>>> print(open('protein03.cif').read())   # mmCIF, C-alpha atoms
data_final
#
loop_
_atom_site.label_atom_id
_atom_site.label_comp_id
_atom_site.auth_asym_id
_atom_site.auth_seq_id
_atom_site.Cartn_x
_atom_site.Cartn_y
_atom_site.Cartn_z
CA MET A 81 -31.59 30.35 20.13
CA ASN A 82 -31.68 27.05 18.32
CA TYR A 83 -28.62 25.38 19.86
CA LYS A 84 -29.05 22.26 17.79
CA PHE A 85 -28.85 24.28 14.58
CA LEU A 86 -25.83 26.19 15.91
CA PHE A 87 -24.08 22.95 16.86
CA ILE A 88 -24.68 21.45 13.42
CA PHE A 89 -23.50 24.65 11.73
CA VAL A 90 -20.29 24.79 13.75
CA LEU A 91 -19.63 21.11 13.24
CA SER A 92 -20.22 21.39 9.49
CA THR A 93 -17.95 24.42 9.26
CA LEU A 94 -15.19 22.62 11.12
CA TYR A 95 -15.51 19.59 8.90
CA VAL A 96 -15.35 21.64 5.70
CA PHE A 97 -12.24 23.36 7.05
CA PHE A 98 -10.75 19.99 8.01
CA TYR A 99 -11.44 18.45 4.62
CA GLN A 100 -9.75 21.36 2.85
CA LEU A 101 -6.73 21.21 5.14
CA SER A 102 -3.62 19.70 3.55
CA PHE A 103 -0.11 18.92 4.75
CA ASP A 104 2.90 19.92 2.68
CA ILE A 105 4.98 16.78 3.24
CA SER A 106 7.05 15.10 0.55
CA VAL A 107 9.67 12.38 0.25
CA ASP A 108 12.42 11.72 -2.25
CA SER A 109 11.42 8.17 -3.18
CA SER A 110 12.83 6.45 -6.24
CA PHE A 111 10.98 3.14 -5.98
CA TYR A 112 8.69 3.44 -9.00
CA SER A 113 7.88 6.41 -11.20
CA SER A 114 6.66 4.90 -14.48
CA ASP A 115 3.55 6.20 -16.24
CA ASP A 116 2.52 2.55 -16.53
CA LYS A 117 0.90 2.45 -13.08
CA LEU A 118 -1.27 -0.67 -13.22
CA TRP A 119 0.04 -3.72 -11.33
CA ALA A 120 -1.55 -7.12 -10.81
CA HIS A 121 -3.31 -7.64 -7.48
CA ARG A 122 -2.84 -10.71 -5.25
CA VAL A 123 -0.70 -12.87 -7.48
CA LEU A 124 0.01 -15.84 -5.21
CA ASN A 125 0.99 -18.35 -7.90
CA PRO A 126 4.33 -18.08 -9.72
CA SER A 127 2.70 -19.43 -12.89
CA ASP A 128 0.21 -16.57 -12.79
CA ALA A 129 3.07 -14.14 -12.24
CA LYS A 130 4.74 -15.46 -15.37
CA SER A 131 1.67 -14.94 -17.55
CA LEU A 132 0.82 -11.57 -15.98
CA SER A 133 4.38 -10.30 -16.44
CA LYS A 134 3.50 -9.87 -20.14
CA GLU A 135 0.91 -7.27 -19.08
CA PHE A 136 2.17 -5.70 -15.85
CA ASN A 137 5.44 -4.33 -14.49
CA GLY A 138 4.65 -5.42 -10.93
CA VAL A 139 2.69 -7.87 -8.79
CA GLU A 140 1.35 -7.79 -5.24
CA ILE A 141 1.97 -10.77 -2.96
CA ASP A 142 0.46 -11.50 0.47
CA VAL A 143 2.81 -13.12 2.98
CA PHE A 144 2.74 -14.30 6.59
CA PHE A 145 5.92 -14.89 8.57
CA ASN A 146 5.96 -18.38 10.08
CA SER A 147 8.19 -18.15 13.16
CA LYS A 148 8.30 -21.91 13.72
CA LEU A 149 9.52 -22.66 10.20
CA SER A 150 11.40 -19.37 9.80
CA CYS A 151 9.88 -18.67 6.41
CA PHE A 152 7.43 -16.38 4.66
CA GLU A 153 4.33 -18.28 3.59
CA VAL A 154 2.69 -16.93 0.44
CA LYS A 155 -1.01 -16.86 1.24
CA HIS A 156 -3.94 -14.54 1.99
CA HIS A 157 -5.66 -14.37 5.39
CA GLY A 158 -4.34 -17.58 6.88
CA GLN A 159 -5.20 -19.97 4.09
CA PHE A 160 -2.97 -23.02 3.82
CA SER A 161 0.13 -22.54 1.70
CA GLU A 162 2.78 -24.88 0.34
CA LEU A 163 4.80 -22.03 -1.16
CA THR A 164 7.38 -19.80 0.51
CA LEU A 165 8.43 -16.35 -0.61
CA SER A 166 11.93 -17.67 -1.25
CA GLU A 167 10.54 -20.30 -3.64
CA TYR A 168 8.22 -17.74 -5.26
CA TYR A 169 11.11 -15.35 -5.90
CA SER A 170 13.41 -18.07 -7.27
CA LEU A 171 10.69 -19.00 -9.78
CA THR A 172 9.93 -15.42 -10.87
CA LYS A 173 13.13 -13.37 -10.49
CA THR A 174 13.95 -13.61 -14.20
CA LEU A 175 10.63 -11.99 -15.17
CA ASN A 176 11.85 -8.42 -14.55
CA LEU A 177 9.00 -7.70 -12.14
CA LYS A 178 8.57 -5.31 -9.24
CA TYR A 179 7.16 -6.85 -6.04
CA TRP A 180 4.71 -5.28 -3.62
CA ILE A 181 4.92 -7.54 -0.55
CA ASP A 182 1.96 -7.17 1.80
CA PHE A 183 3.37 -8.33 5.14
CA LYS A 184 0.21 -9.41 6.94
CA ASN A 185 1.51 -10.23 10.41
CA LEU A 186 4.49 -7.96 11.00
CA SER A 187 5.05 -7.48 14.73
CA LYS A 188 7.74 -6.57 17.22
CA ILE A 189 8.25 -10.28 17.87
CA ASN A 190 9.01 -11.28 14.27
CA ALA A 191 10.48 -8.06 12.82
CA ASN A 192 14.18 -8.84 13.26
CA LYS A 193 13.90 -12.46 12.10
CA SER A 194 11.85 -11.46 9.07
CA ILE A 195 14.41 -8.80 8.13
CA GLU A 196 17.14 -11.44 8.32
CA LEU A 197 15.16 -13.70 6.04
CA LEU A 198 14.34 -10.97 3.53
CA ASN A 199 18.00 -10.04 3.39
CA SER A 200 18.81 -13.65 2.53
CA ILE A 201 16.20 -13.71 -0.26
CA PHE A 202 16.95 -10.30 -1.75
CA ILE A 203 20.68 -10.37 -1.25
CA ASP A 204 21.88 -7.30 -3.10
CA GLU A 205 20.89 -3.72 -3.78
CA ASN A 206 19.58 -4.47 -7.27
CA SER A 207 17.09 -7.06 -6.03
CA LYS A 208 16.05 -4.85 -3.09
CA ASN A 209 15.29 -2.04 -5.53
CA ASP A 210 12.52 -4.21 -7.00
CA VAL A 211 10.76 -4.77 -3.66
CA ILE A 212 8.50 -2.67 -1.48
CA ILE A 213 7.29 -3.99 1.90
CA GLU A 214 3.84 -2.93 3.10
CA SER A 215 2.40 -2.99 6.62
CA LYS A 216 0.20 -1.01 8.99
CA ASN A 217 2.87 -1.39 11.68
CA ILE A 218 4.98 1.63 10.76
CA VAL A 219 7.24 1.36 13.82
CA GLN A 220 8.46 -2.13 12.89
CA LEU A 221 8.23 -1.41 9.16
CA SER A 222 10.75 1.41 9.53
CA LYS A 223 13.38 -1.20 10.46
CA PHE A 224 13.16 -2.56 6.92
CA LYS A 225 13.91 0.89 5.53
CA ASN A 226 17.03 0.96 7.66
CA GLN A 227 18.09 -2.27 5.93
CA GLY A 228 17.77 -0.77 2.45
CA PHE A 229 14.23 -1.87 1.58
CA PHE A 230 11.54 0.44 0.27
CA ILE A 231 8.51 0.58 2.58
CA SER A 232 4.82 1.35 2.15
CA TYR A 233 2.83 2.55 5.15
CA TRP A 234 -0.71 1.13 4.98
CA VAL A 235 -2.78 3.99 6.39
CA GLU A 236 -6.23 3.98 7.95
CA SER A 237 -9.08 3.90 5.44
CA PHE A 238 -11.11 7.06 5.11
CA HIS A 239 -14.00 7.30 7.55
CA PHE A 240 -16.30 10.31 7.76
CA ILE A 241 -15.78 10.65 11.51
CA ASN A 242 -12.68 8.66 12.49
CA SER A 243 -10.47 10.29 9.89
CA PHE A 244 -11.06 13.63 11.61
CA TYR A 245 -8.43 12.61 14.15
CA SER A 246 -6.66 9.56 12.65
CA VAL A 247 -5.16 11.61 9.83
CA PHE A 248 -3.10 13.54 12.36
CA GLU A 249 -1.60 10.29 13.63
CA VAL A 250 -0.84 9.36 10.02
CA LYS A 251 0.83 12.74 9.56
CA GLU A 252 2.97 12.24 12.68
CA ASN A 253 4.02 8.76 11.54
CA ILE A 254 4.92 9.98 8.07
CA GLU A 255 7.05 12.75 9.52
CA ALA A 256 8.71 10.43 12.05
CA PHE A 257 9.40 7.39 9.85
CA VAL A 258 9.36 8.82 6.27
CA PRO A 259 7.90 5.82 4.40
CA ASP A 260 8.57 5.75 0.67
CA VAL A 261 4.84 5.66 -0.07
CA ILE A 262 1.52 5.46 1.74
CA SER A 263 -1.02 2.84 0.64
CA MET A 264 -4.78 2.51 0.90
CA PRO A 265 -7.94 1.20 -0.82
CA SER A 266 -9.10 3.14 -3.85
CA ASN A 267 -12.09 4.65 -2.02
CA SER A 268 -9.67 6.46 0.31
CA VAL A 269 -7.46 7.92 -2.42
CA ASP A 270 -9.33 11.21 -2.88
CA PHE A 271 -9.11 11.93 0.82
CA TYR A 272 -5.39 11.23 1.12
CA VAL A 273 -4.57 13.04 -2.11
CA SER A 274 -6.25 16.10 -0.63
CA LYS A 275 -4.40 15.69 2.67
CA PHE A 276 -0.96 14.76 1.29
CA PRO A 277 -0.89 16.16 -2.26
CA ASN A 278 2.88 15.78 -2.59
CA TYR A 279 3.31 12.31 -1.11
CA PRO A 280 3.56 9.12 -3.25
CA ILE A 281 0.48 6.90 -3.01
CA HIS A 282 -0.14 3.24 -3.85
CA CYS A 283 -3.67 1.82 -3.83
CA TRP A 284 -5.73 -1.25 -4.62
CA THR A 285 -9.04 -1.51 -6.48
CA ASN A 286 -10.50 -4.72 -5.05
CA GLY A 287 -13.70 -5.86 -6.73
CA MET A 288 -13.56 -3.26 -9.50
CA THR A 289 -13.86 -5.67 -12.42
CA LYS A 290 -16.79 -4.31 -14.43
CA PRO A 291 -16.17 -2.57 -17.76
CA GLU A 292 -17.37 0.75 -16.32
CA ASP A 293 -14.83 0.44 -13.49
CA LYS A 294 -12.03 0.94 -16.00
CA ILE A 295 -12.93 4.62 -16.26
CA LYS A 296 -12.60 5.14 -12.49
CA ILE A 297 -9.33 3.22 -12.39
CA GLN A 298 -7.95 5.36 -15.19
CA GLU A 299 -8.97 8.51 -13.29
CA ILE A 300 -7.05 7.27 -10.26
CA CYS A 301 -3.99 6.54 -12.42
CA ASN A 302 -4.16 10.08 -13.80
CA LEU A 303 -3.52 11.55 -10.34
CA ASP A 304 0.06 12.80 -10.20
CA ASN A 305 1.05 11.45 -6.80
CA VAL A 306 -0.57 8.04 -7.32
CA LYS A 307 2.31 5.81 -8.42
CA VAL A 308 0.90 2.25 -8.38
CA VAL A 309 -2.67 0.97 -8.73
CA LEU A 310 -3.41 -2.72 -8.13
CA THR A 311 -6.05 -4.21 -10.40
CA ASP A 312 -7.98 -7.48 -10.58
CA PHE A 313 -8.25 -7.17 -14.35
CA GLN A 314 -6.06 -9.72 -16.08
CA GLU A 315 -4.96 -7.34 -18.81
CA ASN A 316 -3.35 -3.95 -18.65
CA PHE A 317 -6.13 -1.99 -20.34
CA LEU A 318 -4.20 1.30 -20.03
CA LYS A 319 -1.31 0.24 -22.25
#
>>> encode(input="protein03.cif", output="structure tokens")
Amino acid sequence: MNYKFLFIFVLSTLYVFFYQLSFDISVDSSFYSSDDKLWAHRVLNPSDAKSLSKEFNGVEIDVFFNSKLSCFEVKHHGQFSELTLSEYYSLTKTLNLKYWIDFKNLSKINANKSIELLNSIFIDENSKNDVIIESKNIVQLSKFKNQGFFISYWVESFHFINSFYSVFEVKENIEAFVPDVISMPSNSVDFYVSKFPNYPIHCWTNGMTKPEDKIKIQEICNLDNVKVVLTDFQENFLK
């Protein structure tokens, strides 16, 4: 008997079964349900937010919590910043925008202090309704949900092998903490749509700036449970 062939056959069969497996989990989230799904990606300058607000209903902002200064610095991957989230919001809150806040360094150490600060920036229910906080740290992120914020659980990117087991951890976390959405890069969307067909999804399309990429982005937007798609295009070409 060719054991190598048998092993490959069994492994392939298991993987096909795994890929077709889906989880019937849903959530009653009211954060954003517009057909206009394109938002602007990585808008770190309030002036850019002002100009992009003519095209998009929402913007994504990267922030780091600075424990020494007790502020959120608006920046991406540790680059120097002279702007705080409080200043950013004060300069853009009249633009009628939704905010996707990518909390880069959320941890057990800074969770409570950062919640305090966010509550002081977004002081009422109306302003909180315009904000969704994103992090991979679902345990600490769930504390924001308890304070009335919408939360987005940044899940593991699809990997041909690793996802075979990591998706079950994602499933357990979704069931335990009930995030309002799950978020991921665009190349993981097909996988998570197949696994969680009834769960709201947000995604980003980094680097997809060629004319032919517009077709793929539109296909992603056409998926029912995809609610927000971040784009690097400066115009909302789906309007």
>>> resolve_selection(input="protein03.cif", expression="the PyMOL selection byres ((chain A and resi 251) around 12)", output="list in words")
Ser102, Phe103, Asp104, Ile105, Ser106, Ile218, Tyr233, Val235, Glu236, Ser243, Tyr245, Ser246, Val247, Phe248, Glu249, Val250, Glu252, Asn253, Ile254, Glu255, Ala256, Phe257, Val258, Pro259, Ile262, Tyr272, Lys275, Phe276 and Tyr279 of chain A
>>> atom_distance(input="protein03.cif", atom1="CA of Val306 (chain A)", atom2="CA of Asn206 (chain A)")
23.7 Å
>>> resolve_selection(input="protein03.cif", expression="the PyMOL selection byres ((chain A and resi 122) around 6)", output="ChimeraX atom specification")
/A:121,123-124,140-141
>>> atom_distance(input="protein03.cif", atom1="CA of Ser266 (chain A)", atom2="CA of Thr289 (chain A)")
13.2 Å
>>> residues_around(input="protein03.cif", residues="Ser110 (chain A)", least_positions_apart="6", cutoff="12 Å", atoms="only C-alpha atoms", output="MDAnalysis selection string")
chainID A and resid 209:212 229:231 259:261 280 307
>>> resolve_selection(input="protein03.cif", expression="the PyMOL selection byres ((chain A and resi 200) around 12)", output="PyMOL selection string")
chain A and resi 150-152+165-166+169+193-199+201-205+207-208+227
>>> closest_residue(input="protein03.cif", among="A:Gln298, A:Ser232, A:Asn278, A:Ser127", to="Asn316 (chain A)", atoms="all atoms listed in the file")
A:Gln298
>>> atom_distance(input="protein03.cif", atom1="CA of Ala129 (chain A)", atom2="CA of Leu177 (chain A)")
8.8 Å
>>> residues_near_point(input="protein03.cif", point="(-0.9, -12.6, 4.7)", cutoff="12 Å", atoms="only C-alpha atoms", output="list in words")
Arg122, Leu124, Glu140, Ile141, Asp142, Val143, Phe144, Phe145, Asn146, Phe152, Glu153, Val154, Lys155, His156, His157, Gly158, Gln159, Phe160, Ser161, Thr164, Leu165, Ile181, Asp182, Phe183, Lys184, Asn185, Leu186, Glu214 and Ser215 of chain A
>>> closest_residue(input="protein03.cif", among="A:Trp180, A:Phe136, A:Phe244, A:Trp234", to="Leu118 (chain A)", atoms="only C-alpha atoms")
A:Phe136
